[in-house]
Amino acid sequence: MSRRVQRIFAYTILIIVSFLCLFWFYALFINATRSNSELSSGFSLIPGTALVKNWNSMRHCALPVMNSMKNSMVIALSSSLLCSYFSIMTAYGIHAYCFKGRKLFYTIMIGFMMIPRQVTALGFISLVDDMHLMDTFIPLIIPEIASPIVFYYMIKYMESTLPMSLVEAARIDGASEIFVFNKIVLPLMRPAFAVQMIFKFVESWNNYFIPALILHEDNKKTMPIVISLLRSANFANYDNGLIYMVIAFSILPSIIIYLFLSRLIISGITSGGIKG
Amino acid sequence: MKKSKWGILFISPYIIVYLLFTALPIVISLYKSLFVNYWKGLVEVGPFFCGLENYVTLLTDKSIYTYLGNTAIMWILGFVPQLVLSITLAAWFSDHRLGLMGIQFFKTVIYFPNLIIAASFASLFFSFFADCGPVNALLMELGIIDEPFQFFSNTWSTRALVAFMNCTMWFGNTTLLLLAGMLGIDKSLKEAAEVDGASTWQVFTRITLPLIRPILLYVIITSLIGGIQMFDVPQILTKGTGDPNRSTMTVLMYMNKHMFSKNYGVSGALSFILFMVTAVLSIIVFSLNSKTEEGRGVR
């Protein structure tokens with residue numbers, strides 16, 4: 001009996017919590033379909049009539065929304081691809097070979113794993129400035145090659161799933177080391193590649209602090225920077241329907257990814273042992 | 001001999017990029033922090049070598065402590081409820097006697113806010129909690145208040161909103177980590193305790209909690225590192241001002257401000273201090289990990 005009461009209590013809490021997780025986004029998408037006058041008349045849970053109008057005003061507004069969407073895509077896709085590929089390559093170099101300094105490298109990487117780029121921002125930005133890479137995507141993409149958390153995940157995954165006998169067999173057959181890596185190791189690592197690519201994509205997509213310091217030209221901006229400009233002075237003459245539309249548009253890619261890949265994402269959080 | 005050469009070749013892109021874009025910026029931050037260098041209008045002052053003067057300026061000025069305090073308060077306000085909620089949910093999900101259904105669904109839902117751009121989430125809350133926004137409209141319709149409550153003019157309501165958003169974004173992640181830890185506990189331990197007549201609460205406090213302590217510590221420290229970096233949400237919510245009355249200005253917002261006004265010396269000092277703090281925390285996480293790995297090895 002008491003277990004039944006406990007179960008009802010648990011379900012109640014879970015439903016409230018789920019509601020609090022989803023309500024904001026439901027309301028956001030509803031508001032994106034309503035016109036400014038509909039919005040000012042009060043709160044509603046029923047879609048309005050201004051979806052097409054808001055979409056069109058977003059495409060023609062003073063902020064470079066469409067272009068930023070494209071920029072965010074380019075940066076997030078290339079940085080997540082490079083990050084996953086090179087993390088596997090590095091993990092393989094440490095896992096499958098013996099050389100001097102191997103242990104030292106591993107210890108330093110794992111020891112400093114959790115240090116975020118934000119805290120070294122000043123040095124990073126002045127370096128980018130000295131290299132004349134301001135207002136380019138390079139400083140947002142290339143540094144992701146060296147991402148200790150992803151490397152750690154990959155090496156843990158390799159330890160549990162990559163049979164070295166397979167690598168040895170290919171070597172005996174005369175395969176070159178590069179061939180072994182690209183044609184044997186990489187396909188075996190596909191699940192880990194996918195999981196980390198999704199996480200890195202989302203992380204890069206959401207990144208605001210560093211890109212805001214690097215990208216100043218209008219045609220280089222990414223989605224989070226555009227979001228931060230929604231309330232700025234030169235956009236003060238605003239239409240609330242348009243604002244909700246831009247916010248909704250900015251989170252749409254994450255929602256689509258999640259709708260299709262939620263199982264993979266959820267298993268990825270815990271399977272590598274640890275994920276920051 | 002030949003083989004080891006390949007290993008070094010495979011890790012070299014990583015090492016080069018790491019040295020260039022992670023290690024070198026730390027050195028640059030340290031170097032710049034030793035010089036007076038800022039812009040006064042269109043005139044650059046410095047750089048002049050000044051030793052540790054920037055650190056003294058930073059640490060003797062009261063404002064850094066205010067911002068540290070703000071960051072700590074908003075972190076605690078968000079993290080304590082997050083931890084309580086996450087432990088509770090993880091305990092329910094892992095309790096077979098309770099037999100909850102739809103766990104996969106709930107896991108999917110609670111992790112969802114973590115994927116949302118923090119900037120967009122903050123912008124959304126800014127619209128919802130505006131003076132003439134939907135939340136105020138709803139509260140007035142329901143007759144709870146007579147006139148709009150100005151959420152962003154009140155210190156504690158602004159801080160509470162920041163904390164609430166951080167909690168919403170991260171509790172799903174924390175729940176899943178703690179759940180993995182709880183599911184990793186040897187079932188026979190719990191069963192033995194139950195046979196001996198232990199209550200659910202006793203099993204939880206005497207067996208589950210002590211055994212997930214390493215993961216609990218991991219969650220706390222990684223969240224602390226996240227807390228130190230708190231930026232996107234308060235920055236967007238307050239348009240970078242940290243208002244009302246700078247009560248939501250975080251350390252990173254302060255650094256951002258110095259960087260925008262090109263005060264390289266002081267922001268270098270702040271950057272290096274933050275690096276040292278997170279490095280220490282990161283090494284603690286590392287030793288925790290290696291300890292649990294050793295533990296597993298023994299078993």
# chains A, B, ... in the order shown; residues from 1 in each chain; ligands from 1
$ residues_around --residues "Asn166 (chain B)" --least-positions-apart "4" --cutoff "12 Å" --atoms "only C-alpha atoms" --output "ChimeraX atom specification"
/A:21 /B:74-82,113-114,116-119,121-122,159-162,170-174,223,226-227,229-234
$ closest_atom_pairs --of "chain A" --to "chain B" --cutoff "6 Å" --atoms "only C-alpha atoms" --output "CSV"
residue,atom,partner,partner_atom,distance
A:Gly42,CA,B:Ala137,CA,5.9
A:Phe43,CA,B:Pro134,CA,5.1
A:Met89,CA,B:Phe10,CA,5.8
A:Thr90,CA,B:Ile11,CA,4.5
A:Gly93,CA,B:Gly7,CA,4.3
A:Tyr97,CA,B:Gly7,CA,5.2
A:Cys98,CA,B:Ser4,CA,5.6
A:Phe99,CA,B:Ser4,CA,5.2
A:Gly111,CA,B:Ile283,CA,4.9
A:Phe112,CA,B:Ser282,CA,5.8
A:Met114,CA,B:Ser282,CA,5.1
A:Ile115,CA,B:Thr278,CA,5.8
A:Val119,CA,B:Phe275,CA,5.4
A:Thr120,CA,B:Ser271,CA,5.6
A:Leu122,CA,B:Gly268,CA,5.9
A:Gly123,CA,B:Pro25,CA,4.0
A:Phe124,CA,B:Pro25,CA,4.7
A:Pro143,CA,B:Phe21,CA,5.9
A:Ala146,CA,B:Tyr14,CA,4.9
A:Asn206,CA,B:Ile117,CA,4.6
A:Pro224,CA,B:Ala119,CA,5.8
A:Ser228,CA,B:Ile236,CA,5.9
A:Ile247,CA,B:Ser120,CA,5.7
$ write_last_selection --atoms "N, CA and C atoms" --output "mmCIF file, in the first residue's frame"
data_model
loop_
_atom_site.group_PDB
_atom_site.id
_atom_site.type_symbol
_atom_site.label_atom_id
_atom_site.label_comp_id
_atom_site.auth_asym_id
_atom_site.auth_seq_id
_atom_site.Cartn_x
_atom_site.Cartn_y
_atom_site.Cartn_z
ATOM 1 N N GLY A 42 -2.390 39.022 -24.485
ATOM 2 C CA GLY A 42 -2.342 38.067 -23.380
ATOM 3 C C GLY A 42 -1.767 36.735 -23.793
ATOM 4 N N PHE A 43 -1.745 35.818 -22.828
ATOM 5 C CA PHE A 43 -1.092 34.544 -23.010
ATOM 6 C C PHE A 43 -2.072 33.520 -23.581
ATOM 7 N N MET A 89 42.109 9.394 -33.578
ATOM 8 C CA MET A 89 43.478 9.213 -34.052
ATOM 9 C C MET A 89 44.472 9.314 -32.887
ATOM 10 N N THR A 90 44.286 10.313 -32.044
ATOM 11 C CA THR A 90 45.186 10.503 -30.910
ATOM 12 C C THR A 90 45.051 9.351 -29.918
ATOM 13 N N GLY A 93 46.830 6.433 -31.254
ATOM 14 C CA GLY A 93 48.275 6.597 -31.114
ATOM 15 C C GLY A 93 48.761 6.230 -29.721
ATOM 16 N N TYR A 97 50.357 2.067 -29.517
ATOM 17 C CA TYR A 97 51.806 2.148 -29.704
ATOM 18 C C TYR A 97 52.497 2.423 -28.380
ATOM 19 N N CYS A 98 53.767 2.012 -28.323
ATOM 20 C CA CYS A 98 54.568 2.309 -27.140
ATOM 21 C C CYS A 98 55.649 3.299 -27.536
ATOM 22 N N PHE A 99 55.719 4.399 -26.851
ATOM 23 C CA PHE A 99 56.843 5.320 -27.106
ATOM 24 C C PHE A 99 57.081 6.151 -25.865
ATOM 25 N N GLY A 111 44.712 15.262 -16.604
ATOM 26 C CA GLY A 111 44.792 16.165 -15.457
ATOM 27 C C GLY A 111 44.176 17.522 -15.750
ATOM 28 N N PHE A 112 44.392 18.016 -16.970
ATOM 29 C CA PHE A 112 43.879 19.346 -17.331
ATOM 30 C C PHE A 112 42.589 19.262 -18.147
ATOM 31 N N MET A 114 39.471 19.234 -17.573
ATOM 32 C CA MET A 114 38.265 20.010 -17.287
ATOM 33 C C MET A 114 38.446 21.508 -17.461
ATOM 34 N N ILE A 115 39.637 21.953 -17.832
ATOM 35 C CA ILE A 115 39.836 23.405 -17.934
ATOM 36 C C ILE A 115 39.140 23.940 -19.183
ATOM 37 N N VAL A 119 38.492 30.315 -19.565
ATOM 38 C CA VAL A 119 39.353 30.917 -18.554
ATOM 39 C C VAL A 119 40.695 31.363 -19.132
ATOM 40 N N THR A 120 41.046 30.908 -20.351
ATOM 41 C CA THR A 120 42.276 31.404 -20.940
ATOM 42 C C THR A 120 41.941 32.375 -22.072
ATOM 43 N N LEU A 122 41.705 35.585 -22.548
ATOM 44 C CA LEU A 122 42.508 36.751 -22.926
ATOM 45 C C LEU A 122 43.684 36.344 -23.807
ATOM 46 N N GLY A 123 44.428 35.318 -23.369
ATOM 47 C CA GLY A 123 45.566 34.844 -24.149
ATOM 48 C C GLY A 123 45.131 34.337 -25.507
ATOM 49 N N PHE A 124 44.014 33.609 -25.516
ATOM 50 C CA PHE A 124 43.510 33.046 -26.762
ATOM 51 C C PHE A 124 43.160 34.148 -27.762
ATOM 52 N N PRO A 143 41.035 24.693 -33.152
ATOM 53 C CA PRO A 143 41.397 24.300 -31.777
ATOM 54 C C PRO A 143 40.616 23.087 -31.265
ATOM 55 N N ALA A 146 42.122 19.437 -30.597
ATOM 56 C CA ALA A 146 42.687 19.014 -29.318
ATOM 57 C C ALA A 146 41.683 19.233 -28.202
ATOM 58 N N ASN A 206 25.959 25.960 -29.447
ATOM 59 C CA ASN A 206 25.517 26.775 -28.324
ATOM 60 C C ASN A 206 26.554 27.793 -27.859
ATOM 61 N N PRO A 224 23.989 32.305 -31.677
ATOM 62 C CA PRO A 224 23.900 32.875 -30.323
ATOM 63 C C PRO A 224 24.227 34.372 -30.287
ATOM 64 N N SER A 228 21.803 37.392 -28.950
ATOM 65 C CA SER A 228 22.172 38.404 -27.965
ATOM 66 C C SER A 228 21.881 39.814 -28.474
ATOM 67 N N ILE A 247 14.146 33.209 -31.913
ATOM 68 C CA ILE A 247 14.576 32.288 -30.847
ATOM 69 C C ILE A 247 14.200 30.854 -31.219
#
$ atom_distance --atom1 "CA of Phe48 (chain B)" --atom2 "CA of Tyr67 (chain B)"
27.7 Å
$ atom_distance --atom1 "CA of Ser63 (chain B)" --atom2 "CA of Pro211 (chain A)"
26.5 Å
$ select_by_dssp --residues "region 157-230 of chain A" --states "alpha helix (DSSP H)" --output "PyMOL selection string"
chain A and resi 157-161+164-172+177-179+186-188+190-206+209-214+223-229
$ write_last_selection --atoms "C-alpha atoms" --output "PDB file, in the first residue's frame"
ATOM      1  CA  TYR A 157      35.924   3.298 -25.530  1.00  0.00           C
ATOM      2  CA  MET A 158      38.948   1.784 -27.281  1.00  0.00           C
ATOM      3  CA  GLU A 159      40.108   0.020 -24.155  1.00  0.00           C
ATOM      4  CA  SER A 160      36.753  -1.703 -23.846  1.00  0.00           C
ATOM      5  CA  THR A 161      35.931  -2.472 -27.484  1.00  0.00           C
ATOM      6  CA  MET A 164      44.243  -5.432 -30.780  1.00  0.00           C
ATOM      7  CA  SER A 165      44.309  -8.900 -32.377  1.00  0.00           C
ATOM      8  CA  LEU A 166      42.409  -7.453 -35.333  1.00  0.00           C
ATOM      9  CA  VAL A 167      45.024  -4.736 -35.729  1.00  0.00           C
ATOM     10  CA  GLU A 168      47.836  -7.308 -35.478  1.00  0.00           C
ATOM     11  CA  ALA A 169      46.174  -9.538 -38.081  1.00  0.00           C
ATOM     12  CA  ALA A 170      45.919  -6.655 -40.552  1.00  0.00           C
ATOM     13  CA  ARG A 171      49.579  -5.787 -39.962  1.00  0.00           C
ATOM     14  CA  ILE A 172      50.634  -9.360 -40.672  1.00  0.00           C
ATOM     15  CA  GLU A 177      49.566   1.764 -40.374  1.00  0.00           C
ATOM     16  CA  ILE A 178      47.459   4.480 -41.992  1.00  0.00           C
ATOM     17  CA  PHE A 179      45.353   1.873 -43.775  1.00  0.00           C
ATOM     18  CA  LEU A 186      37.782   4.017 -37.581  1.00  0.00           C
ATOM     19  CA  PRO A 187      34.827   1.822 -38.673  1.00  0.00           C
ATOM     20  CA  LEU A 188      34.970  -0.024 -35.348  1.00  0.00           C
ATOM     21  CA  ARG A 190      31.737   4.473 -35.441  1.00  0.00           C
ATOM     22  CA  PRO A 191      29.335   4.524 -32.440  1.00  0.00           C
ATOM     23  CA  ALA A 192      31.768   6.585 -30.368  1.00  0.00           C
ATOM     24  CA  PHE A 193      32.391   8.852 -33.340  1.00  0.00           C
ATOM     25  CA  ALA A 194      28.660   9.495 -33.713  1.00  0.00           C
ATOM     26  CA  VAL A 195      28.049  10.185 -30.032  1.00  0.00           C
ATOM     27  CA  GLN A 196      30.936  12.598 -29.660  1.00  0.00           C
ATOM     28  CA  MET A 197      30.129  14.305 -32.921  1.00  0.00           C
ATOM     29  CA  ILE A 198      26.607  15.040 -31.698  1.00  0.00           C
ATOM     30  CA  PHE A 199      27.845  16.381 -28.365  1.00  0.00           C
ATOM     31  CA  LYS A 200      30.487  18.527 -30.013  1.00  0.00           C
ATOM     32  CA  PHE A 201      27.992  19.785 -32.584  1.00  0.00           C
ATOM     33  CA  VAL A 202      25.594  20.907 -29.875  1.00  0.00           C
ATOM     34  CA  GLU A 203      28.406  22.416 -27.808  1.00  0.00           C
ATOM     35  CA  SER A 204      29.705  24.391 -30.774  1.00  0.00           C
ATOM     36  CA  TRP A 205      26.177  25.376 -31.792  1.00  0.00           C
ATOM     37  CA  ASN A 206      25.517  26.775 -28.324  1.00  0.00           C
ATOM     38  CA  PHE A 209      31.422  33.587 -25.165  1.00  0.00           C
ATOM     39  CA  ILE A 210      34.416  32.986 -27.470  1.00  0.00           C
ATOM     40  CA  PRO A 211      32.655  33.541 -30.852  1.00  0.00           C
ATOM     41  CA  ALA A 212      31.297  36.864 -29.566  1.00  0.00           C
ATOM     42  CA  LEU A 213      34.886  37.978 -28.951  1.00  0.00           C
ATOM     43  CA  ILE A 214      36.119  36.855 -32.375  1.00  0.00           C
ATOM     44  CA  MET A 223      23.218  32.235 -34.052  1.00  0.00           C
ATOM     45  CA  PRO A 224      23.900  32.875 -30.323  1.00  0.00           C
ATOM     46  CA  ILE A 225      25.439  36.258 -31.178  1.00  0.00           C
ATOM     47  CA  VAL A 226      22.349  37.184 -33.189  1.00  0.00           C
ATOM     48  CA  ILE A 227      20.184  36.110 -30.237  1.00  0.00           C
ATOM     49  CA  SER A 228      22.172  38.404 -27.965  1.00  0.00           C
ATOM     50  CA  LEU A 229      21.486  41.293 -30.378  1.00  0.00           C
TER      51      LEU A 229
END
$ atom_distance --atom1 "CA of Asn56 (chain A)" --atom2 "CA of Leu242 (chain A)"
9.1 Å
$ residues_around --residues "Ile207 (chain B)" --least-positions-apart "5" --cutoff "8 Å" --atoms "only C-alpha atoms" --output "list in words"
Leu189, Lys190 and Gln202 of chain B
$ closest_residue --among "A:Ile13, A:Ser267, A:Leu63, A:Gln118" --to "Ser86 (chain B)" --atoms "only C-alpha atoms"
A:Ile13
$ select_by_dssp --residues "region 29-119 of chain B" --states "strand (DSSP E or B)" --output "count of residues only"
13
$ decode --residues "region 42-102 of chain A" --atoms "C-alpha atoms" --output "JSON list (two decimals), in the first residue's frame"
[["chain", "number", "residue", "atom", "x", "y", "z"],
["A", 42, "GLY", "CA", -2.34, 38.07, -23.38],
["A", 43, "PHE", "CA", -1.09, 34.54, -23.01],
["A", 44, "SER", "CA", -2.47, 31.67, -25.07],
["A", 45, "LEU", "CA", -1.73, 27.98, -25.61],
["A", 46, "ILE", "CA", -3.37, 27.92, -29.02],
["A", 47, "PRO", "CA", -1.33, 28.74, -32.15],
["A", 48, "GLY", "CA", -1.96, 32.12, -33.77],
["A", 49, "THR", "CA", -2.22, 33.10, -37.40],
["A", 50, "ALA", "CA", 1.04, 34.91, -38.05],
["A", 51, "LEU", "CA", 3.49, 32.04, -38.66],
["A", 52, "VAL", "CA", 4.15, 32.95, -42.28],
["A", 53, "LYS", "CA", 4.25, 36.66, -41.53],
["A", 54, "ASN", "CA", 6.78, 36.19, -38.70],
["A", 55, "TRP", "CA", 8.87, 33.90, -40.89],
["A", 56, "ASN", "CA", 8.98, 36.51, -43.65],
["A", 57, "SER", "CA", 9.79, 39.35, -41.32],
["A", 58, "MET", "CA", 12.62, 37.24, -39.88],
["A", 59, "ARG", "CA", 14.05, 36.72, -43.36],
["A", 60, "HIS", "CA", 13.99, 40.43, -44.09],
["A", 61, "CYS", "CA", 14.81, 41.90, -40.69],
["A", 62, "ALA", "CA", 17.86, 43.99, -39.82],
["A", 63, "LEU", "CA", 19.65, 41.02, -38.25],
["A", 64, "PRO", "CA", 21.51, 38.55, -40.47],
["A", 65, "VAL", "CA", 19.50, 35.54, -39.23],
["A", 66, "MET", "CA", 19.70, 33.27, -42.27],
["A", 67, "ASN", "CA", 23.37, 33.94, -42.83],
["A", 68, "SER", "CA", 24.13, 33.29, -39.15],
["A", 69, "MET", "CA", 22.29, 30.00, -39.34],
["A", 70, "LYS", "CA", 24.55, 29.00, -42.21],
["A", 71, "ASN", "CA", 27.68, 30.16, -40.34],
["A", 72, "SER", "CA", 26.69, 28.23, -37.23],
["A", 73, "MET", "CA", 26.12, 25.12, -39.35],
["A", 74, "VAL", "CA", 29.53, 25.41, -41.04],
["A", 75, "ILE", "CA", 31.36, 25.92, -37.75],
["A", 76, "ALA", "CA", 29.48, 23.26, -35.78],
["A", 77, "LEU", "CA", 29.73, 20.62, -38.51],
["A", 78, "SER", "CA", 33.40, 21.09, -39.29],
["A", 79, "SER", "CA", 34.54, 21.41, -35.68],
["A", 80, "SER", "CA", 32.59, 18.32, -34.59],
["A", 81, "LEU", "CA", 33.90, 16.26, -37.51],
["A", 82, "LEU", "CA", 37.53, 17.30, -36.96],
["A", 83, "CYS", "CA", 37.24, 16.85, -33.21],
["A", 84, "SER", "CA", 35.91, 13.29, -33.42],
["A", 85, "TYR", "CA", 38.35, 12.21, -36.13],
["A", 86, "PHE", "CA", 41.48, 13.57, -34.47],
["A", 87, "SER", "CA", 40.44, 12.45, -31.00],
["A", 88, "ILE", "CA", 40.15, 8.88, -32.26],
["A", 89, "MET", "CA", 43.48, 9.21, -34.05],
["A", 90, "THR", "CA", 45.19, 10.50, -30.91],
["A", 91, "ALA", "CA", 43.57, 7.87, -28.71],
["A", 92, "TYR", "CA", 44.74, 5.21, -31.16],
["A", 93, "GLY", "CA", 48.28, 6.60, -31.11],
["A", 94, "ILE", "CA", 48.33, 6.30, -27.32],
["A", 95, "HIS", "CA", 46.45, 3.01, -27.12],
["A", 96, "ALA", "CA", 48.19, 0.99, -29.81],
["A", 97, "TYR", "CA", 51.81, 2.15, -29.70],
["A", 98, "CYS", "CA", 54.57, 2.31, -27.14],
["A", 99, "PHE", "CA", 56.84, 5.32, -27.11],
["A", 100, "LYS", "CA", 58.62, 7.59, -24.69],
["A", 101, "GLY", "CA", 56.43, 10.25, -23.09],
["A", 102, "ARG", "CA", 53.23, 8.36, -23.78]]
